[in-house]
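**Q** Got query_32.csv for you, CSV, C-alpha atoms:
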chain,number,residue,atom,x,y,z
S,1,MET,CA,34.8,91.6,19.5
S,2,LYS,CA,37.4,89.8,17.3
S,3,LEU,CA,37.7,87.0,19.9
S,4,ARG,CA,33.9,86.6,19.8
S,5,ALA,CA,33.9,86.6,16.0
S,6,ALA,CA,36.6,83.9,16.0
S,7,ALA,CA,34.7,81.8,18.5
S,8,ILE,CA,31.5,82.0,16.4
S,9,ALA,CA,33.5,81.2,13.3
S,10,VAL,CA,35.0,78.1,14.9
S,11,LEU,CA,31.6,76.9,16.3
S,12,SER,CA,30.0,77.5,12.9
S,13,PHE,CA,32.8,75.5,11.2
S,14,VAL,CA,32.2,72.5,13.5
S,15,GLY,CA,28.5,72.9,12.9
S,16,MET,CA,29.0,72.8,9.1
S,17,VAL,CA,31.0,69.6,9.4
S,18,ASP,CA,28.4,68.0,11.7
S,19,SER,CA,25.4,69.0,9.5
S,20,LEU,CA,27.0,68.1,6.2
S,21,TYR,CA,28.2,64.8,7.6
S,22,LEU,CA,24.5,64.0,8.7
S,23,SER,CA,23.2,65.2,5.3
S,24,LEU,CA,25.6,62.9,3.5
S,25,LYS,CA,25.0,59.9,5.7
S,26,ARG,CA,21.3,60.1,5.9
S,27,GLY,CA,19.6,58.0,3.3
S,28,ALA,CA,22.7,55.9,2.9
S,29,GLY,CA,21.7,53.4,5.6
S,30,PRO,CA,22.2,53.5,9.3
S,31,ILE,CA,24.4,56.1,10.9
S,32,PRO,CA,27.1,55.1,13.3
S,33,CYS,CA,25.8,56.1,16.8
S,34,THR,CA,28.1,55.0,19.6
S,35,ILE,CA,27.1,57.4,22.4
S,36,THR,CA,23.4,57.8,22.5
S,37,GLY,CA,22.3,54.9,20.4
S,38,GLY,CA,19.2,56.5,19.0
S,39,CYS,CA,20.6,58.4,16.0
S,40,ASN,CA,18.7,56.4,13.4
S,41,ASP,CA,15.4,56.7,15.2
S,42,VAL,CA,15.8,60.4,15.2
S,43,LEU,CA,17.2,60.9,11.7
S,44,TYR,CA,14.7,58.6,10.0
S,45,SER,CA,11.7,59.9,12.0
S,46,ALA,CA,9.0,62.1,10.5
S,47,TYR,CA,10.5,65.1,12.4
S,48,SER,CA,13.8,64.9,10.5
S,49,GLU,CA,12.4,66.7,7.4
S,50,LEU,CA,10.7,69.9,6.5
S,51,ALA,CA,8.8,70.0,3.2
S,52,GLY,CA,10.8,66.9,2.2
S,53,ILE,CA,14.2,68.5,2.9
S,54,PRO,CA,16.3,67.0,5.7
S,55,ILE,CA,16.7,69.5,8.6
S,56,SER,CA,20.4,69.0,8.5
S,57,TRP,CA,20.5,71.0,5.2
S,58,PHE,CA,18.8,73.9,6.9
S,59,GLY,CA,21.4,73.6,9.7
S,60,LEU,CA,24.2,73.7,7.1
S,61,ALA,CA,22.7,76.8,5.6
S,62,PHE,CA,22.6,78.5,9.0
S,63,TYR,CA,26.2,77.6,10.0
S,64,THR,CA,27.5,78.8,6.6
S,65,VAL,CA,25.7,82.2,7.0
S,66,ALA,CA,27.0,82.4,10.6
S,67,LEU,CA,30.5,81.6,9.6
S,68,SER,CA,30.5,84.1,6.8
S,69,PHE,CA,29.3,87.0,9.0
S,70,ALA,CA,31.7,86.0,11.8
S,71,VAL,CA,34.6,86.1,9.3
S,72,PHE,CA,33.6,89.5,8.0
S,73,ALA,CA,33.4,90.7,11.7
S,74,GLY,CA,36.9,89.3,12.3
S,75,PHE,CA,38.2,91.4,9.4
S,76,GLY,CA,36.8,94.6,10.9
S,77,GLN,CA,33.2,94.8,9.8
S,78,THR,CA,32.1,94.4,13.4
S,79,ARG,CA,28.4,95.3,12.7
S,80,SER,CA,28.0,92.1,10.7
S,81,LEU,CA,28.2,90.0,13.8
S,82,ALA,CA,24.9,91.4,15.0
S,83,TRP,CA,23.3,90.2,11.8
S,84,ILE,CA,23.6,86.7,13.0
S,85,PHE,CA,21.5,87.4,16.1
S,86,TRP,CA,18.0,86.8,14.6
S,87,PRO,CA,19.0,83.7,12.5
S,88,ALA,CA,20.7,82.4,15.6
S,89,ALA,CA,17.6,83.1,17.8
S,90,ALA,CA,15.5,81.2,15.3
S,91,ALA,CA,18.0,78.3,15.1
S,92,PHE,CA,18.1,78.2,18.9
S,93,ALA,CA,14.3,78.0,19.2
S,94,ILE,CA,14.2,75.3,16.5
S,95,SER,CA,17.0,73.4,18.1
S,96,MET,CA,15.3,73.4,21.5
S,97,GLY,CA,12.1,72.2,19.8
S,98,LEU,CA,14.0,69.3,18.2
S,99,VAL,CA,15.7,68.4,21.5
S,100,GLY,CA,12.2,68.4,23.1
S,101,ILE,CA,11.0,66.0,20.3
S,102,GLN,CA,13.9,63.7,21.0
S,103,ALA,CA,13.2,63.7,24.7
S,104,PHE,CA,9.4,63.5,24.8
S,105,VAL,CA,8.1,62.2,21.5
S,106,LEU,CA,10.8,59.9,20.0
S,107,ARG,CA,12.4,59.1,23.4
S,108,ALA,CA,15.7,58.6,21.5
S,109,TYR,CA,18.7,60.9,21.2
S,110,CYS,CA,21.0,61.6,18.3
S,111,GLU,CA,24.5,62.6,19.4
S,112,TYR,CA,25.1,64.7,16.2
S,113,CYS,CA,21.8,66.6,16.7
S,114,LEU,CA,22.7,67.2,20.4
S,115,LEU,CA,26.1,68.5,19.3
S,116,SER,CA,24.4,70.8,16.8
S,117,ALA,CA,21.9,72.0,19.5
S,118,GLY,CA,24.9,72.8,21.8
S,119,LEU,CA,26.7,74.7,19.0
S,120,VAL,CA,23.6,76.7,18.1
S,121,THR,CA,23.1,77.6,21.8
S,122,ALA,CA,26.7,78.8,22.1
S,123,ILE,CA,26.5,80.8,18.9
S,124,PHE,CA,23.2,82.4,20.1
S,125,LEU,CA,24.7,83.3,23.5
S,126,LEU,CA,27.9,84.7,21.9
S,127,THR,CA,26.1,86.9,19.3
S,128,PRO,CA,25.6,90.5,20.3
S,129,ARG,CA,22.0,91.8,20.2
S,130,PRO,CA,21.6,94.3,17.4
S,131,ARG,CA,21.4,97.9,18.6
S,132,ARG,CA,18.4,100.0,17.7
S,133,ALA,CA,19.2,103.0,15.6
S,134,GLN,CA,19.6,106.1,17.7
S,135,PRO,CA,17.3,108.9,16.9
S,136,ALA,CA,19.1,111.9,15.4
W,1,MET,CA,37.8,97.3,4.0
W,2,SER,CA,38.8,95.0,1.2
W,3,LYS,CA,36.2,92.2,0.9
W,4,THR,CA,38.6,89.8,-0.9
W,5,LYS,CA,40.3,88.5,2.2
W,6,PRO,CA,37.2,87.5,4.1
W,7,ILE,CA,35.7,85.9,1.0
W,8,ILE,CA,38.9,83.8,0.6
W,9,VAL,CA,38.8,82.8,4.3
W,10,ILE,CA,35.1,81.8,3.9
W,11,ALA,CA,35.7,79.8,0.7
W,12,VAL,CA,38.7,78.0,2.4
W,13,ALA,CA,36.5,77.3,5.5
W,14,ILE,CA,33.7,75.9,3.3
W,15,ALA,CA,36.1,73.7,1.4
W,16,LEU,CA,37.7,72.4,4.6
W,17,ALA,CA,34.4,71.7,6.2
W,18,ALA,CA,33.1,69.9,3.1
W,19,SER,CA,36.3,67.8,2.8
W,20,ALA,CA,36.1,66.9,6.5
W,21,ALA,CA,32.5,65.9,6.3
W,22,VAL,CA,33.0,63.8,3.1
W,23,TYR,CA,36.1,62.2,4.7
W,24,LEU,CA,34.3,61.3,7.9
W,25,SER,CA,31.2,60.0,6.1
W,26,ARG,CA,33.3,57.8,3.8
W,27,GLN,CA,35.5,56.6,6.7
W,28,SER,CA,32.6,55.3,8.8
W,29,SER,CA,31.1,53.4,5.9
W,30,ASP,CA,34.4,52.0,4.8
W,31,GLU,CA,35.3,50.7,8.2
W,32,PRO,CA,36.1,47.0,7.8
W,33,ALA,CA,34.0,44.6,9.9
W,34,SER,CA,35.7,43.7,13.1
W,35,ALA,CA,35.8,39.9,12.7
W,36,PRO,CA,32.2,39.5,11.8
W,37,ALA,CA,30.7,36.6,13.6
W,38,PRO,CA,29.2,34.0,11.2
W,39,LEU,CA,25.6,33.0,11.9
W,40,ALA,CA,24.9,29.4,13.0
W,41,VAL,CA,23.8,27.5,9.9
W,42,ASN,CA,20.9,25.9,11.7
W,43,LEU,CA,18.5,28.7,12.3
W,44,GLY,CA,15.6,26.7,13.5
W,45,GLU,CA,12.0,27.5,12.7
W,46,SER,CA,11.7,30.9,11.0
W,47,ARG,CA,9.4,32.9,8.9
W,48,PHE,CA,10.7,33.1,5.4
W,49,LEU,CA,9.8,34.3,1.9
W,50,GLY,CA,11.0,33.1,-1.4
W,51,ASN,CA,12.3,29.8,-2.6
W,52,PRO,CA,13.0,27.5,0.4
W,53,ASP,CA,15.8,25.8,-1.7
W,54,ALA,CA,17.3,29.0,-2.9
W,55,PRO,CA,21.1,29.1,-3.1
W,56,VAL,CA,21.1,32.3,-1.1
W,57,THR,CA,19.6,32.7,2.3
W,58,LEU,CA,19.3,36.3,3.4
W,59,VAL,CA,18.5,36.7,7.1
W,60,GLU,CA,17.5,40.0,8.7
W,61,PHE,CA,17.6,40.6,12.4
W,62,GLY,CA,15.1,43.4,12.6
W,63,ASP,CA,13.0,45.6,14.9
W,64,TYR,CA,9.6,46.8,13.8
W,65,GLN,CA,10.1,50.1,15.6
W,66,CYS,CA,13.5,50.8,14.1
W,67,PRO,CA,13.3,53.4,11.3
W,68,SER,CA,16.4,51.9,9.6
W,69,CYS,CA,14.6,48.6,9.3
W,70,LYS,CA,11.6,50.5,7.7
W,71,HIS,CA,14.2,52.0,5.3
W,72,TYR,CA,15.4,48.6,4.3
W,73,HIS,CA,11.9,47.0,4.1
W,74,PRO,CA,11.2,48.0,0.5
W,75,MET,CA,14.7,47.0,-0.5
W,76,THR,CA,14.3,43.4,0.7
W,77,LYS,CA,10.9,43.3,-1.1
W,78,GLU,CA,12.5,44.5,-4.3
W,79,LEU,CA,15.3,42.0,-3.9
W,80,LEU,CA,12.8,39.2,-3.7
W,81,ARG,CA,10.8,40.6,-6.6
W,82,ARG,CA,14.0,40.6,-8.8
W,83,HIS,CA,15.2,37.2,-7.7
W,84,PRO,CA,12.3,35.1,-6.5
W,85,ASP,CA,14.1,31.8,-7.1
W,86,LYS,CA,17.6,32.8,-6.0
W,87,VAL,CA,16.8,34.2,-2.6
W,88,LYS,CA,15.2,32.9,0.6
W,89,PHE,CA,14.5,35.8,3.0
W,90,GLU,CA,14.2,35.1,6.7
W,91,PHE,CA,13.1,37.7,9.2
W,92,ARG,CA,14.4,37.3,12.8
W,93,HIS,CA,13.1,39.4,15.7
W,94,PHE,CA,15.6,41.6,17.4
W,95,PRO,CA,13.4,44.2,19.3
W,96,LEU,CA,15.6,46.8,20.9
W,97,VAL,CA,13.4,47.1,23.9
W,98,GLU,CA,15.7,49.5,25.8
W,99,ILE,CA,15.0,52.2,23.3
W,100,HIS,CA,11.8,51.0,21.5
W,101,ARG,CA,9.0,50.5,24.1
W,102,ASN,CA,6.5,49.1,21.6
W,103,ALA,CA,9.0,46.9,19.6
W,104,MET,CA,8.3,43.7,21.6
W,105,GLY,CA,4.6,44.2,21.2
W,106,ALA,CA,5.0,44.6,17.5
W,107,ALA,CA,7.1,41.4,17.2
W,108,LEU,CA,4.4,39.6,19.2
W,109,ALA,CA,1.7,41.0,16.8
W,110,ALA,CA,3.6,39.8,13.8
W,111,GLU,CA,4.0,36.3,15.3
W,112,ALA,CA,0.3,36.2,16.4
W,113,ALA,CA,-0.7,37.1,12.8
W,114,GLY,CA,1.7,34.4,11.6
W,115,GLU,CA,-0.3,31.9,13.7
W,116,GLN,CA,-3.2,32.6,11.4
W,117,GLY,CA,-1.1,32.6,8.2
W,118,LYS,CA,-0.6,36.4,7.9
W,119,PHE,CA,2.9,37.0,9.3
W,120,TRP,CA,4.1,38.9,6.2
W,121,GLU,CA,1.0,40.9,5.8
W,122,MET,CA,1.3,42.1,9.4
W,123,HIS,CA,5.0,42.6,8.8
W,124,ASP,CA,4.2,45.0,6.0
W,125,LEU,CA,1.5,46.8,7.9
W,126,LEU,CA,3.8,47.2,11.0
W,127,PHE,CA,6.4,49.0,8.8
W,128,GLN,CA,3.8,50.9,6.9
W,129,TRP,CA,2.3,52.4,10.1
W,130,GLN,CA,5.4,52.4,12.2
W,131,GLU,CA,5.3,56.0,13.2
W,132,LYS,CA,1.6,55.7,14.3
W,133,TRP,CA,1.9,52.7,16.6
W,134,SER,CA,5.4,53.6,17.8
W,135,ALA,CA,4.1,56.8,19.3
W,136,SER,CA,0.9,55.2,20.7
W,137,SER,CA,0.5,54.7,24.4
W,138,ASN,CA,-1.8,51.8,23.6
W,139,PRO,CA,-0.2,50.0,20.6
W,140,GLU,CA,-2.3,46.9,21.2
W,141,SER,CA,-5.4,48.7,19.9
W,142,GLU,CA,-3.4,49.6,16.7
W,143,PHE,CA,-2.2,46.0,16.3
W,144,LEU,CA,-5.8,44.8,16.8
W,145,ALA,CA,-7.0,47.2,14.1
W,146,TYR,CA,-4.4,45.8,11.7
W,147,ALA,CA,-5.5,42.2,12.6
W,148,ALA,CA,-9.0,43.2,11.8
W,149,GLN,CA,-7.9,44.7,8.5
W,150,LEU,CA,-6.3,41.4,7.7
W,151,GLY,CA,-9.4,39.5,8.6
W,152,LEU,CA,-7.9,37.7,11.6
W,153,ASP,CA,-9.8,36.2,14.5
W,154,SER,CA,-9.2,39.0,17.0
W,155,ASN,CA,-9.7,36.8,20.1
W,156,ARG,CA,-7.3,34.3,18.9
W,157,PHE,CA,-4.9,37.0,17.8
W,158,MET,CA,-4.8,38.5,21.3
W,159,GLN,CA,-4.5,35.1,22.9
W,160,VAL,CA,-1.5,34.2,20.8
W,161,MET,CA,0.0,37.6,21.4
W,162,ARG,CA,0.0,36.9,25.1
W,163,SER,CA,1.1,33.3,24.9
W,164,PRO,CA,4.5,32.3,26.4
W,165,GLU,CA,5.3,30.2,23.3
W,166,VAL,CA,5.3,33.2,21.1
W,167,GLN,CA,7.3,35.2,23.5
W,168,GLN,CA,9.8,32.3,23.7
W,169,ARG,CA,10.1,32.3,19.9
W,170,ILE,CA,11.0,36.0,19.9
W,171,LEU,CA,13.4,35.5,22.8
W,172,SER,CA,15.1,32.7,21.0
W,173,ASP,CA,15.6,34.9,17.9
W,174,ILE,CA,17.2,37.5,20.2
W,175,THR,CA,19.4,34.9,21.7
W,176,ARG,CA,20.5,33.7,18.2
W,177,GLY,CA,21.2,37.3,17.2
W,178,ARG,CA,23.3,37.9,20.3
W,179,GLN,CA,25.2,34.7,19.6
W,180,ALA,CA,25.9,36.1,16.1
W,181,SER,CA,27.1,39.4,17.7
W,182,VAL,CA,24.1,41.3,16.4
W,183,MET,CA,24.3,44.7,18.2
W,184,GLY,CA,21.8,46.8,16.3
W,185,THR,CA,19.1,46.6,13.6
W,186,PRO,CA,18.9,45.9,10.9
W,187,THR,CA,21.7,43.3,10.6
W,188,PHE,CA,21.8,41.2,7.5
W,189,PHE,CA,23.5,37.8,6.9
W,190,VAL,CA,23.9,36.2,3.5
W,191,ASN,CA,24.5,32.5,3.9
W,192,GLY,CA,25.6,33.1,7.4
W,193,GLN,CA,28.0,35.9,6.7
W,194,ARG,CA,27.2,39.4,7.9
W,195,ILE,CA,26.8,42.1,5.3
W,196,GLU,CA,29.0,44.9,6.4
W,197,PRO,CA,28.8,47.8,5.7
W,198,LEU,CA,25.0,47.7,5.1
W,199,PRO,CA,24.1,48.0,1.4
W,200,ALA,CA,22.9,51.4,0.4
W,201,ASN,CA,20.6,50.1,-2.3
W,202,VAL,CA,19.2,46.9,-3.9
W,203,ASP,CA,22.1,46.7,-6.3
W,204,GLU,CA,24.6,46.6,-3.4
W,205,PHE,CA,22.5,43.9,-1.8
W,206,ILE,CA,22.7,41.8,-5.0
W,207,ARG,CA,26.4,42.5,-5.2
W,208,ALA,CA,26.9,41.2,-1.6
W,209,MET,CA,24.9,38.1,-2.4
W,210,ASP,CA,26.9,37.5,-5.6
W,211,ASP,CA,30.1,37.8,-3.6
W,212,GLN,CA,28.8,35.2,-1.2
W,213,LEU,CA,27.8,32.9,-4.0
W,214,ARG,CA,31.3,33.2,-5.6
W,215,ALA,CA,32.9,32.5,-2.2
W,216,ALA,CA,30.8,29.4,-1.7
W,217,ARG,CA,31.8,27.9,-5.0
Show the structure stored in the file as structure tokens.

**A**
Amino acid sequence: MKLRAAAIAVLSFVGMVDSLYLSLKRGAGPIPCTITGGCNDVLYSAYSELAGIPISWFGLAFYTVALSFAVFAGFGQTRSLAWIFWPAAAAFAISMGLVGIQAFVLRAYCEYCLLSAGLVTAIFLLTPRPRRAQPA
Amino acid sequence: MSKTKPIIVIAVAIALAASAAVYLSRQSSDEPASAPAPLAVNLGESRFLGNPDAPVTLVEFGDYQCPSCKHYHPMTKELLRRHPDKVKFEFRHFPLVEIHRNAMGAALAAEAAGEQGKFWEMHDLLFQWQEKWSASSNPESEFLAYAAQLGLDSNRFMQVMRSPEVQQRILSDITRGRQASVMGTPTFFVNGQRIEPLPANVDEFIRAMDDQLRAAR
């Protein structure tokens, strides 16, 4: 369990750097995009915001929560790892939707967003499903 | 279990992540230009706004389907509003056709509107409605609607849009851009010198222009 918590913590840390980097770069002109070439198309599209807030800030919030629970799990509070499951499931579903938008609507890919989608998927797969309370 | 240790670890991780992100974001915008290629002084026929004899010529290589170009569009307008006599603004087509399937059509629409004296009006409309026509499987109908909105002769507009001369004009802009090592859009040149990194706001644009003016003296 500790190994799993450590893996989730590391993935969340990378996700925090990725999403904060995007949040800082967005709005300050074009973003360097050397692999996929379409970062600016994605990050300045109508799908990059929710209620006026860039999606990367929501990503940052998710990764911070995931990292916090994973660290608590690493220090022995193993049940806290399962608390990530539903936020991770929601983040996974949203990430898949965003990858779909990149592929079928915008027809442009953002490497930072794809990295985030990969991180969210890994976190989701590593997170144990919460157990139902056993009847007394 | 003591909660102090995990809280300290979380705080350290957040501080490290924030430092890394800030460092990376600053590093990529502070990267010096790798031998920026100067733009040929003779740009040939172009569409321009502002004073034709202005001491500063700002050239944009742009793509109407590029969201960053849309981001910079109000900045160039504001720049001209603040310095109508000091700046001549030229727009050069650089449609990134590999990733923007409707970009070439939009450039043709702007040029076709230009043939009827409404290049800049179409330029504004293309940026204003970028998301709509970009996603359209039939962008020509959108362009025709904008032409009608501008009171253009739609038959002539379509004729010019399909004319090889107009296509050639766009291709020659692309060629000029490639000669000046333009790789993406928007790319700006002030008196032939590339602005790099791209300005974050109008004040930075003005600073870049002032730097060029000082250097030219």

**Q** Could you pull the residues within 10 Å of segment 154-159 of chain W, counting only C-alpha atoms, minus those fewer than 5 positions along the same chain, as an MDAnalysis selection string?

**A** chainID W and resid 108:116 140 143:148

**Q** Have a look at S:Phe13, S:Tyr47, S:Phe85, S:Tyr109 and name the one nearest to chain W; count all atoms listed in the file.

**A**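 For chain W, the nearest of the given residues is S:Phe13.
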
**Q** Set the distance at 12 Å and use only C-alpha atoms: which residues neighbour segment 7-11 of chain W once local chain neighbours fewer than 6 positions away are removed? I'd like the list as a PyMOL selection string.

**A** (chain S and resi 6+9-10+12-13+63-75) or (chain W and resi 1+17-18)

**Q** Per residue of chain W within 9 Å of chain S, what are the shortest atom pair and its distance in Å to one decimal, counting only C-alpha atoms, with rows by chain and residue number, as a tab-separated table?

**A**
residue	atom	partner	partner_atom	distance
W:Met1	CA	S:Gly76	CA	7.5
W:Ser2	CA	S:Phe75	CA	9.0
W:Lys3	CA	S:Phe72	CA	8.0
W:Lys5	CA	S:Phe75	CA	8.0
W:Pro6	CA	S:Phe72	CA	5.7
W:Ile7	CA	S:Ser68	CA	8.0
W:Val9	CA	S:Val71	CA	7.3
W:Ile10	CA	S:Ser68	CA	5.9
W:Ala13	CA	S:Phe13	CA	7.0
W:Ile14	CA	S:Thr64	CA	7.6
W:Leu16	CA	S:Val17	CA	8.7
W:Ala17	CA	S:Val17	CA	5.1
W:Ala18	CA	S:Val17	CA	6.6
W:Ser19	CA	S:Val17	CA	8.7
W:Ala20	CA	S:Val17	CA	6.5
W:Ala21	CA	S:Tyr21	CA	4.6
W:Val22	CA	S:Tyr21	CA	6.7
W:Tyr23	CA	S:Tyr21	CA	8.8
W:Leu24	CA	S:Tyr21	CA	7.0
W:Ser25	CA	S:Tyr21	CA	5.9
W:Arg26	CA	S:Lys25	CA	8.8
W:Ser28	CA	S:Pro32	CA	7.1
W:Ser29	CA	S:Pro32	CA	8.6
W:Gln65	CA	S:Asp41	CA	8.5
W:Cys66	CA	S:Asp41	CA	6.3
W:Pro67	CA	S:Asp41	CA	5.5
W:Ser68	CA	S:Pro30	CA	6.0
W:Lys70	CA	S:Tyr44	CA	9.0
W:His71	CA	S:Gly29	CA	7.6
W:Tyr72	CA	S:Gly29	CA	8.0
W:Ile99	CA	S:Ala108	CA	6.7
W:His100	CA	S:Arg107	CA	8.3
W:Glu131	CA	S:Ser45	CA	7.6
W:Ser134	CA	S:Leu106	CA	8.6
W:Ala135	CA	S:Val105	CA	7.1
W:Thr185	CA	S:Pro30	CA	8.7
W:Pro186	CA	S:Pro30	CA	8.4
W:Leu198	CA	S:Gly29	CA	6.6
W:Pro199	CA	S:Gly29	CA	7.2
W:Ala200	CA	S:Ala28	CA	5.2
W:Asn201	CA	S:Ala28	CA	8.1

**Q** Kindly give the distance, in Å, that separates atom CA of Leu150 of chain W and atom CA of Cys69 of chain W, rounded to a single decimal.

**A**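 Here the two named atoms are 22.2 Å from each other.
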
**Q** Using only C-alpha atoms, which residue out of W:Gly184, W:Pro95, W:Gly105, W:Gly50 lies closest to Trp120 of chain W?

**A** W:Gly50

**Q** What is the distance, in Å and to one decimal place, between atom CA of Leu125 of chain S and atom CA of Ile101 of chain S?

**A** 22.3 Å

**Q** One number please: atom CA of Ala61 of chain S to atom CA of Phe104 of chain S, in Å, one decimal.

**A** 26.9 Å

**Q** For Gly59 of chain S, which residue among S:Thr127, S:Ser80, S:Ser95, S:Thr36 is the nearest when counting all atoms listed in the file?

**A**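 Closest to Gly59 of chain S, using all atoms listed in the file: S:Ser95.
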
**Q** Compare S:Cys113, S:Ala91, S:Leu81, S:Leu98 by their minimum atom-to-atom distance to Arg131 of chain S, counting only C-alpha atoms, and give me the closest one.

**A**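 Of S:Cys113, S:Ala91, S:Leu81, S:Leu98, the one nearest Arg131 of chain S, counting only C-alpha atoms, is S:Leu81.
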
**Q** If you take every atom of segment 6-12 of chain S that the file lists and fit an axis-aligned box around them with 4 Å extra on each side, what centre and edge lengths come out in Å to one decimal, as JSON?

**A**
{"center_x": 33.3, "center_y": 80.4, "center_z": 15.7, "size_x": 14.6, "size_y": 15.0, "size_z": 13.6}

**Q** Which is closest to Thr34 of chain S among W:Met161, W:Val97, W:Met183, W:Met75, if we use all atoms listed in the file?

**A**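 The closest residue to Thr34 of chain S is W:Met183.
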